[in-house]
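Undergrad: Shown below is the structure under consideration.
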Amino acid sequence: MFKLGLIINPYAGIGGRVGLKGSDGEQIRAKALELGGLKLAEDKAKNCFMQFESAFSGIEVYTVSGEMGEDLCQKLSSHSKLTYQILYQATEPSSETDTKKAVDILQKQNLDLLLFVGGDGTARDIFEICDEHQTALGVPAGVKIHSGVYAISAEAAGLLILDLIEGKMLSVISADVMDIDENAFRQGKVRAKNYGELQIPASLQYVQAVKQGNQEIEELVLDDIAAEVIESMHDDAYYVIGSGTTCAAIMQQLGLDNTLLGSDIIYQEKIFKADAVEKDLLELLESGANLKFVMTLIGGQGHIIGRGNHQISPQVIKLAGWNNFQIIATKSKLKTLKGRPLLVDSGDISLDHQLKGLKKVITGYRDYVLYPVGSI
């Protein structure tokens, strides 16, 4: 019998779609809920579990009460052979203290895998208590996902677990637990710190790389990319300029302030809305406005959707249309992927599969490449 531990941070990612750049701390969670933030972590966990539903009869899940695992297990067991045990009663609302206490109790069951759903803050909590010999794996649900302990998507995590249950030979490697200062993050500054390592099952197909920062900036190439994007802009369209230094080059050429770690809307080469949230985008789309999105990838990982840009939700993508998304990147940045596809992890598996295929990437002035987009 495969022993799977499950811990869900129900607040993971709650601040993403409302532009709060994170979900750590009671005040931020309260503000996120007040702004209409949604709890999406359980949905991510469900997407993961559905990938190995065929093997439910061969596993035992050890988990936490309420939203931290029990609720999902109840729903799954009502129509499947999933069996589970509640080993820790969490407080309401749950906190990082509950996560740490749950890790301590669950890992005493000699788990084959400790699965957790959250972001970098959750990974830190897991790391602080987790035994160095305990194999763990994260399902990405937070706003900040810099750590290498996460699968590239909930679906990928489920497929990796299926491989484990079926007894396929996988290596175990040490992966970095990273986190950043959220207050600095909200001011456009990335201050990442390595807190240590967790043991994870190794599969380059399913596990993301640690985000690469402080790469050499190819200023001339960035200027060419920015010039190409600006020259193609139309006066009747609103342009959502995404996060990252590559996108920042466009704002710099336009002489506009930009939100380095957010999305700004410009109209006729002027700021229409700085640091836009999901609500802003949906209101424009529902009014019939012509929205176009300019985005780049996270170096080393390849994510273009689902990492730091949760404002661009599945509903936004569906209303806007994938053809209205422009991807920009230097060729050297694409080369760091070593042939791996660009990744989308919107939270809607069926949509992610629809977005697969070749996508034109702007790599300079009148310079483009076709590059594959995938979801796992």
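Residue names in the structure tokens use chain letters A, B, ... in the order shown, residue numbers from 1 in each chain, and ligand numbers from 1 in the order shown.
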From a DSSP pass on the backbone, collect the residues of range 134-286 of chain A flagged as strand (DSSP E) and hand them back as a PyMOL selection string.

TA: chain A and resi 136-140+172-180+192-201+237-241+264-267+270-273

Undergrad: Among range 45-178 of chain A, which ones does DSSP place in alpha helix (DSSP H), written as a ChimeraX atom specification?

TA: /A:45-50,70-77,96-106,120-129,154-165

Undergrad: Quick check, in Å to one decimal: how far apart do CA of Lys338 in chain A and CA of Glu219 in chain A lie?

TA: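 For CA of Lys338 in chain A relative to CA of Glu219 in chain A, the distance reads 22.4 Å.
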
Undergrad: Can you tell me which residues surround Gly158 in chain A at a distance of at most 8 Å, considering only C-alpha atoms, apart from same-chain residues fewer than 6 positions away, and format the answer as a list in words?

TA: Asn47, Cys48, Phe49, Met50, Gln51 and Phe52 of chain A

Undergrad: How about saving the chosen residues, C-alpha atoms kept, as an mmCIF file, in the first residue's frame?

TA:
data_model
loop_
_atom_site.group_PDB
_atom_site.id
_atom_site.type_symbol
_atom_site.label_atom_id
_atom_site.label_comp_id
_atom_site.auth_asym_id
_atom_site.auth_seq_id
_atom_site.Cartn_x
_atom_site.Cartn_y
_atom_site.Cartn_z
ATOM 1 C CA ASN A 47 -6.444 18.291 -10.387
ATOM 2 C CA CYS A 48 -3.392 16.503 -9.010
ATOM 3 C CA PHE A 49 -5.353 13.585 -7.514
ATOM 4 C CA MET A 50 -7.401 13.016 -10.651
ATOM 5 C CA GLN A 51 -4.229 12.064 -12.541
ATOM 6 C CA PHE A 52 -3.802 8.931 -10.405
#

Undergrad: When you look at Glu197 in chain A with a cut-off of 6 Å (counting only C-alpha atoms), what residues show up, excluding the ones that are within fewer than 3 positions of it in the same chain? I need them as a PyMOL selection string.

TA: chain A and resi 174-177

Undergrad: Would you output that residue set with C-alpha atoms, as a CSV table (one decimal), in the first residue's frame?

TA:
chain,number,residue,atom,x,y,z
A,174,SER,CA,17.8,17.5,-3.2
A,175,ALA,CA,15.8,20.6,-4.3
A,176,ASP,CA,16.1,24.2,-3.1
A,177,VAL,CA,13.4,25.8,-0.9

Undergrad: What are the closest atom pairs, with distances in Å to one decimal, for all residues of range 32-123 of chain A lying within 10 Å of range 344-356 of chain A? Consider only C-alpha atoms, order rows by chain and residue number, and present the result as a Markdown table.

TA:
| residue | atom | partner | partner_atom | distance |
| --- | --- | --- | --- | --- |
| A:Leu40 | CA | A:Gly347 | CA | 8.3 |
| A:Ala41 | CA | A:Gly347 | CA | 9.4 |
| A:Asp43 | CA | A:Gly347 | CA | 7.8 |
| A:Lys44 | CA | A:Gly347 | CA | 6.6 |
| A:Asn47 | CA | A:Ile349 | CA | 7.5 |

Undergrad: Keeping C-alpha atoms for every residue in the selection just given, could you write it to a file as an mmCIF file, in the first residue's frame?

TA:
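Final output, selection_17.cif:
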data_model
loop_
_atom_site.group_PDB
_atom_site.id
_atom_site.type_symbol
_atom_site.label_atom_id
_atom_site.label_comp_id
_atom_site.auth_asym_id
_atom_site.auth_seq_id
_atom_site.Cartn_x
_atom_site.Cartn_y
_atom_site.Cartn_z
ATOM 1 C CA LEU A 40 -8.180 27.794 -5.284
ATOM 2 C CA ALA A 41 -5.732 25.442 -3.562
ATOM 3 C CA ASP A 43 -9.000 22.730 -6.878
ATOM 4 C CA LYS A 44 -5.283 22.444 -7.593
ATOM 5 C CA ASN A 47 -6.444 18.291 -10.387
#

Undergrad: Which polymer residues have any atom within 10 Å of an atom of Leu82 in chain A, counting only C-alpha atoms, with same-chain residues fewer than 2 positions away left out, as number ranges by chain?

TA: A: 53-61, 73-80, 84

Undergrad: So what do you get for CA of Asp120 in chain A versus CA of Lys335 in chain A, distance-wise?

TA: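 These atoms are spaced 26.1 Å apart.
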
Undergrad: Have a look at A:Lys292, A:Val139, A:Gly339, A:Leu38 and name the one nearest to Trp322 in chain A; count only C-alpha atoms.

TA: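 Ranking A:Lys292, A:Val139, A:Gly339, A:Leu38 by distance to Trp322 in chain A, first place goes to A:Lys292.
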
Undergrad: If you count only C-alpha atoms, which residues fall within 8 Å of range 366-368 of chain A, apart from same-chain ones fewer than 5 positions away, as a PyMOL selection string?

TA: chain A and resi 228+360-361

Undergrad: Report, in Å with one decimal, the straight-line distance from CA of Thr83 in chain A to CA of Ile14 in chain A.

TA: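 Taking CA of Thr83 in chain A and CA of Ile14 in chain A, their separation equals 28.7 Å.
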
Undergrad: For Ile271 in chain A, find every residue with an atom within 9 Å (counting only C-alpha atoms), except residues of its own chain fewer than 4 positions away, and show them as a list in words.

TA: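 That gives Leu256, Asp257, Asn258, Asp264, Ile265, Ile266 and Tyr267 of chain A.
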
Undergrad: Given the choices A:Leu343, A:Asp236, A:Asp179, A:Met251, which gets closest to Ala151 in chain A if the distance is worked out from only C-alpha atoms?

TA: A:Leu343
